[in-house]
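Undergrad: The structure under discussion is supplied below as structure tokens; questions concerning it will follow.
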Amino acid sequence: MKTRNLLVLVLSMVMFTNCFAQKENKKNKKDKNVETTEVAAPETPATVDETPVVTDECLVNISLFNESAKNKQYADALAPWNAAYTQCPGANKAIYSRGREIVQWELLQTKDAASYQKVFDKLMGMYDSRIKYFGNDEKYPTAWILGLKGLDYVTFAKNDELKKPAYEWLEKSIDGLKENSELEVMRIFMVLSNAMYKADPTAHGEKYIADYIKVNTILENIAGNPEQRNAEAASQLKPSLDLIFAQSGAADCNTLDGLYKDKVAQNLSNLEYLSSVVGFYKRIRCVDSDVYFKAAVAAHKIQPTAESANACAEMAFKKNEYSRSIGFYEEATRLSSDKLEKAEYQYKIAQIYSNIDNYSKAREAARNSLEYNPNNGKPYILIGKLYAGSNIYDDPVLRKTVFWVAVDKFQRAKQVDPSVADEANDLIRRYSPHFPSKDDIFFKPELQEGQSFFVGGWIGESTVCR
């Protein structure tokens, strides 16, 4: 009877640990700076059974180590955990969720290199065993386990400077989970890729860029999805990874051209590849590159997109083909589904028309830009400059009224967009002294201060005399 009661008690505790094991413990946040000795990537331990037998003894050991580990009594947890892991590795996920804590603790207690290596191998092998028995788990699948394994390798592997095994495991984790990837996995993956690039830029250059594109795209998707639990954290992580990449030197436009020139030429019919190149060059602002233009034109021929049309427009502008450039920007506006992008394309059209002294068309495009993004002050600045540069009256006094409407636009610019306030204020200071003087107004009663005045010509706007 006592044996039966004990078994019932143990089974109830095991049911509890099954539920508990669904909640994985967070990675130990303490960075361990340990002395280093060479460590190789371990193989799957031979202790894993194909058909584990869950004995009463195994159930008791699971209950014992789980309770001890929960109370952080790892010395007490170690022996029953070792027994359970060896005898019935597929019995319960708690063997791995709690086992990680226990083996990490054991690793930090070792005093010599040989013991450290042995325990480290056990830690790595534990992940292989978990993949074997629980790799199909819906919440924590193989890809997730590999991410955890890679993080622990980085933390505990000694004297392996580049940590390539971890790099490979982390990449598999990211490829498998994509937007469900752990942010720390992506961060460490990029740190390792950066280190490998520094060690051998030629061998790892293109792969490093591909790694950055991959992680950056995932972070953008996470940050742009408010339903993602890590949306805010992803938006905070992205700038730091951008900085690492920018400082690496891999983002140098000439370096990129050397990497991509031949590959673009070989992939002129590969839309997916061409689009990735165009997007990448645009993101790091290498938009004056011939490689960028070549990829964009090829992609646009296959399947026009706003991005490829924009690239073609920039290429045409660089060649002083202004009408063609405007046409591509108009196409980009039509193809884009993003209002801010549309606003930017129309603003570029306004700038081109301004450069070729077609002021009315420039203002039209600037107003179109404001329709898509009314909070951008740049179009107002541009319109104000167009007004200030206009000569619509023969009368020297009336000619000065254009500065009133110009300053109106500068005032409006800083009202809607504080980021342009400094430029707007400089322009106001520059043009305000050119307003009609009191002597000028004396002979022009229609220009008396406070009155409304209609500035004619192509401007056709009312303003207030002052």
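Going through the structure tokens in order, the chains are called A, B, and so on, while each chain numbers its residues from 1 and the ligands are numbered from 1 in the order shown.
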I'd like the contact shell of Asp357 in chain A - 12 Å cut-off, only C-alpha atoms, skipping same-chain residues fewer than 3 positions apart - returned as a VMD selection string.
TA: chain A and resid 350 to 354 360 to 363 385 to 387 389 to 390
Undergrad: What would the file look like if the residues just selected were written as a PDB file, in the first residue's frame with N, CA and C atoms?
TA:
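Final output, saved to again28.pdb:
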ATOM      1  N   ALA A 350       9.243  67.662 -57.678  1.00  0.00           N
ATOM      2  CA  ALA A 350       9.223  69.116 -57.469  1.00  0.00           C
ATOM      3  C   ALA A 350      10.630  69.695 -57.545  1.00  0.00           C
ATOM      4  N   GLN A 351      11.601  69.000 -56.981  1.00  0.00           N
ATOM      5  CA  GLN A 351      12.978  69.481 -57.020  1.00  0.00           C
ATOM      6  C   GLN A 351      13.513  69.532 -58.450  1.00  0.00           C
ATOM      7  N   ILE A 352      13.172  68.510 -59.244  1.00  0.00           N
ATOM      8  CA  ILE A 352      13.650  68.494 -60.629  1.00  0.00           C
ATOM      9  C   ILE A 352      13.063  69.659 -61.412  1.00  0.00           C
ATOM     10  N   TYR A 353      11.742  69.860 -61.285  1.00  0.00           N
ATOM     11  CA  TYR A 353      11.113  70.977 -61.990  1.00  0.00           C
ATOM     12  C   TYR A 353      11.700  72.305 -61.537  1.00  0.00           C
ATOM     13  N   SER A 354      12.025  72.404 -60.256  1.00  0.00           N
ATOM     14  CA  SER A 354      12.636  73.631 -59.748  1.00  0.00           C
ATOM     15  C   SER A 354      13.999  73.864 -60.392  1.00  0.00           C
ATOM     16  N   SER A 360       5.833  76.534 -61.852  1.00  0.00           N
ATOM     17  CA  SER A 360       4.445  76.122 -61.626  1.00  0.00           C
ATOM     18  C   SER A 360       4.341  74.604 -61.483  1.00  0.00           C
ATOM     19  N   LYS A 361       5.077  73.858 -62.298  1.00  0.00           N
ATOM     20  CA  LYS A 361       5.084  72.394 -62.194  1.00  0.00           C
ATOM     21  C   LYS A 361       5.748  71.954 -60.887  1.00  0.00           C
ATOM     22  N   ALA A 362       6.773  72.685 -60.498  1.00  0.00           N
ATOM     23  CA  ALA A 362       7.446  72.364 -59.238  1.00  0.00           C
ATOM     24  C   ALA A 362       6.481  72.526 -58.064  1.00  0.00           C
ATOM     25  N   ARG A 363       5.725  73.629 -58.078  1.00  0.00           N
ATOM     26  CA  ARG A 363       4.763  73.830 -56.986  1.00  0.00           C
ATOM     27  C   ARG A 363       3.671  72.767 -57.009  1.00  0.00           C
ATOM     28  N   LYS A 385      10.856  79.195 -51.641  1.00  0.00           N
ATOM     29  CA  LYS A 385      12.026  79.586 -52.427  1.00  0.00           C
ATOM     30  C   LYS A 385      11.629  79.914 -53.866  1.00  0.00           C
ATOM     31  N   LEU A 386      10.675  79.148 -54.407  1.00  0.00           N
ATOM     32  CA  LEU A 386      10.194  79.428 -55.754  1.00  0.00           C
ATOM     33  C   LEU A 386       9.563  80.826 -55.813  1.00  0.00           C
ATOM     34  N   TYR A 387       8.766  81.134 -54.816  1.00  0.00           N
ATOM     35  CA  TYR A 387       8.127  82.449 -54.774  1.00  0.00           C
ATOM     36  C   TYR A 387       9.175  83.558 -54.670  1.00  0.00           C
ATOM     37  N   GLY A 389      12.112  83.619 -55.652  1.00  0.00           N
ATOM     38  CA  GLY A 389      12.923  83.743 -56.859  1.00  0.00           C
ATOM     39  C   GLY A 389      12.135  84.188 -58.080  1.00  0.00           C
ATOM     40  N   SER A 390      10.863  84.527 -57.887  1.00  0.00           N
ATOM     41  CA  SER A 390      10.011  84.879 -59.031  1.00  0.00           C
ATOM     42  C   SER A 390      10.030  86.378 -59.305  1.00  0.00           C
TER      43      SER A 390
END
Undergrad: Find the residues around range 208-215 of chain A up to 10 Å (only C-alpha atoms counted), leave out those fewer than 5 positions away in its own chain, and share them as a VMD selection string.
TA: chain A and resid 171 174 to 175 178 to 179 181 183 186 to 187 189 to 190 192 to 198 201 203 220 to 221 238 241 to 242 244 to 245 248 250 to 251 256 259 276 to 277 279 to 280 283
Undergrad: Store the residues picked out above, limited to N, CA and C atoms, as a short mmCIF file (atom, residue, chain, number, x, y, z; two decimals), in the first residue's frame.
TA:
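So the final result, stored in selection.cif, reads:
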data_model
loop_
_atom_site.label_atom_id
_atom_site.label_comp_id
_atom_site.auth_asym_id
_atom_site.auth_seq_id
_atom_site.Cartn_x
_atom_site.Cartn_y
_atom_site.Cartn_z
N GLU A 171 22.17 30.56 -36.99
CA GLU A 171 21.59 30.81 -38.31
C GLU A 171 20.45 29.84 -38.60
N ILE A 174 17.42 31.04 -36.75
CA ILE A 174 16.79 32.19 -37.39
C ILE A 174 16.06 31.77 -38.66
N ASP A 175 16.69 30.92 -39.45
CA ASP A 175 16.05 30.47 -40.69
C ASP A 175 14.77 29.68 -40.40
N LYS A 178 12.31 32.60 -38.16
CA LYS A 178 12.07 33.90 -38.81
C LYS A 178 11.54 34.93 -37.80
N GLU A 179 10.30 35.44 -37.99
CA GLU A 179 9.81 36.50 -37.10
C GLU A 179 9.58 36.01 -35.66
N SER A 181 11.91 34.37 -34.11
CA SER A 181 13.25 34.21 -33.55
C SER A 181 13.42 35.04 -32.29
N LEU A 183 15.26 37.65 -30.06
CA LEU A 183 16.07 38.81 -30.41
C LEU A 183 17.54 38.62 -30.04
N MET A 186 19.37 36.69 -32.69
CA MET A 186 19.73 37.50 -33.86
C MET A 186 20.87 38.46 -33.53
N ARG A 187 20.86 39.01 -32.34
CA ARG A 187 21.93 39.94 -31.97
C ARG A 187 23.28 39.23 -31.94
N PHE A 189 24.09 36.41 -33.32
CA PHE A 189 24.40 35.93 -34.68
C PHE A 189 25.13 37.02 -35.46
N MET A 190 24.63 38.26 -35.39
CA MET A 190 25.27 39.35 -36.12
C MET A 190 26.62 39.73 -35.51
N LEU A 192 28.69 37.60 -34.15
CA LEU A 192 29.61 36.57 -34.64
C LEU A 192 29.93 36.77 -36.11
N SER A 193 28.92 37.11 -36.91
CA SER A 193 29.15 37.33 -38.33
C SER A 193 30.09 38.51 -38.54
N ASN A 194 29.93 39.54 -37.73
CA ASN A 194 30.81 40.71 -37.80
C ASN A 194 32.25 40.33 -37.48
N ALA A 195 32.43 39.49 -36.46
CA ALA A 195 33.77 39.05 -36.08
C ALA A 195 34.41 38.21 -37.20
N MET A 196 33.60 37.37 -37.83
CA MET A 196 34.12 36.55 -38.93
C MET A 196 34.50 37.42 -40.12
N TYR A 197 33.73 38.47 -40.36
CA TYR A 197 34.06 39.39 -41.46
C TYR A 197 35.38 40.11 -41.17
N LYS A 198 35.56 40.56 -39.95
CA LYS A 198 36.81 41.24 -39.60
C LYS A 198 38.00 40.30 -39.73
N PRO A 201 37.71 39.43 -44.41
CA PRO A 201 36.71 40.17 -45.19
C PRO A 201 36.43 39.56 -46.57
N ALA A 203 36.67 36.33 -47.58
CA ALA A 203 35.93 35.07 -47.52
C ALA A 203 34.51 35.25 -46.98
N GLU A 220 12.74 44.44 -39.01
CA GLU A 220 11.78 45.41 -39.54
C GLU A 220 10.37 44.85 -39.50
N ASN A 221 10.22 43.58 -39.84
CA ASN A 221 8.90 42.94 -39.82
C ASN A 221 8.34 42.85 -38.41
N LYS A 238 17.44 47.29 -33.62
CA LYS A 238 17.83 47.51 -35.02
C LYS A 238 18.90 48.60 -35.17
N LEU A 241 22.43 47.31 -34.41
CA LEU A 241 22.96 46.40 -35.43
C LEU A 241 23.31 47.18 -36.70
N ASP A 242 22.51 48.19 -37.02
CA ASP A 242 22.84 49.05 -38.16
C ASP A 242 24.19 49.73 -37.95
N ILE A 244 26.72 48.68 -36.01
CA ILE A 244 27.78 47.67 -36.14
C ILE A 244 28.11 47.42 -37.61
N PHE A 245 27.06 47.29 -38.41
CA PHE A 245 27.26 47.02 -39.83
C PHE A 245 27.93 48.20 -40.52
N SER A 248 31.58 48.44 -39.78
CA SER A 248 32.39 47.30 -40.20
C SER A 248 33.22 47.59 -41.45
N ALA A 250 31.97 47.02 -44.38
CA ALA A 250 31.36 46.23 -45.45
C ALA A 250 30.35 47.06 -46.22
N ALA A 251 29.87 48.15 -45.61
CA ALA A 251 28.86 48.98 -46.25
C ALA A 251 29.46 49.99 -47.22
N LEU A 256 31.02 47.09 -51.90
CA LEU A 256 29.81 46.39 -52.33
C LEU A 256 29.81 46.16 -53.83
N LEU A 259 31.75 43.22 -54.73
CA LEU A 259 31.10 41.97 -54.36
C LEU A 259 29.93 41.62 -55.28
N SER A 276 16.53 42.19 -53.98
CA SER A 276 17.25 42.24 -52.71
C SER A 276 18.46 43.17 -52.82
N VAL A 277 19.13 43.16 -53.97
CA VAL A 277 20.28 44.05 -54.18
C VAL A 277 19.83 45.51 -54.21
N GLY A 279 17.12 46.85 -52.90
CA GLY A 279 16.70 47.27 -51.56
C GLY A 279 17.87 47.51 -50.63
N PHE A 280 18.87 46.66 -50.74
CA PHE A 280 20.04 46.79 -49.87
C PHE A 280 20.83 48.05 -50.20
N ARG A 283 19.05 51.03 -48.92
CA ARG A 283 19.06 51.15 -47.47
C ARG A 283 20.37 51.74 -46.96
#
Undergrad: Rounded to one decimal, what separation in Å do you get between CA of Ser115 in chain A and CA of Val185 in chain A?
TA: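 For CA of Ser115 in chain A relative to CA of Val185 in chain A, the distance reads 27.8 Å.
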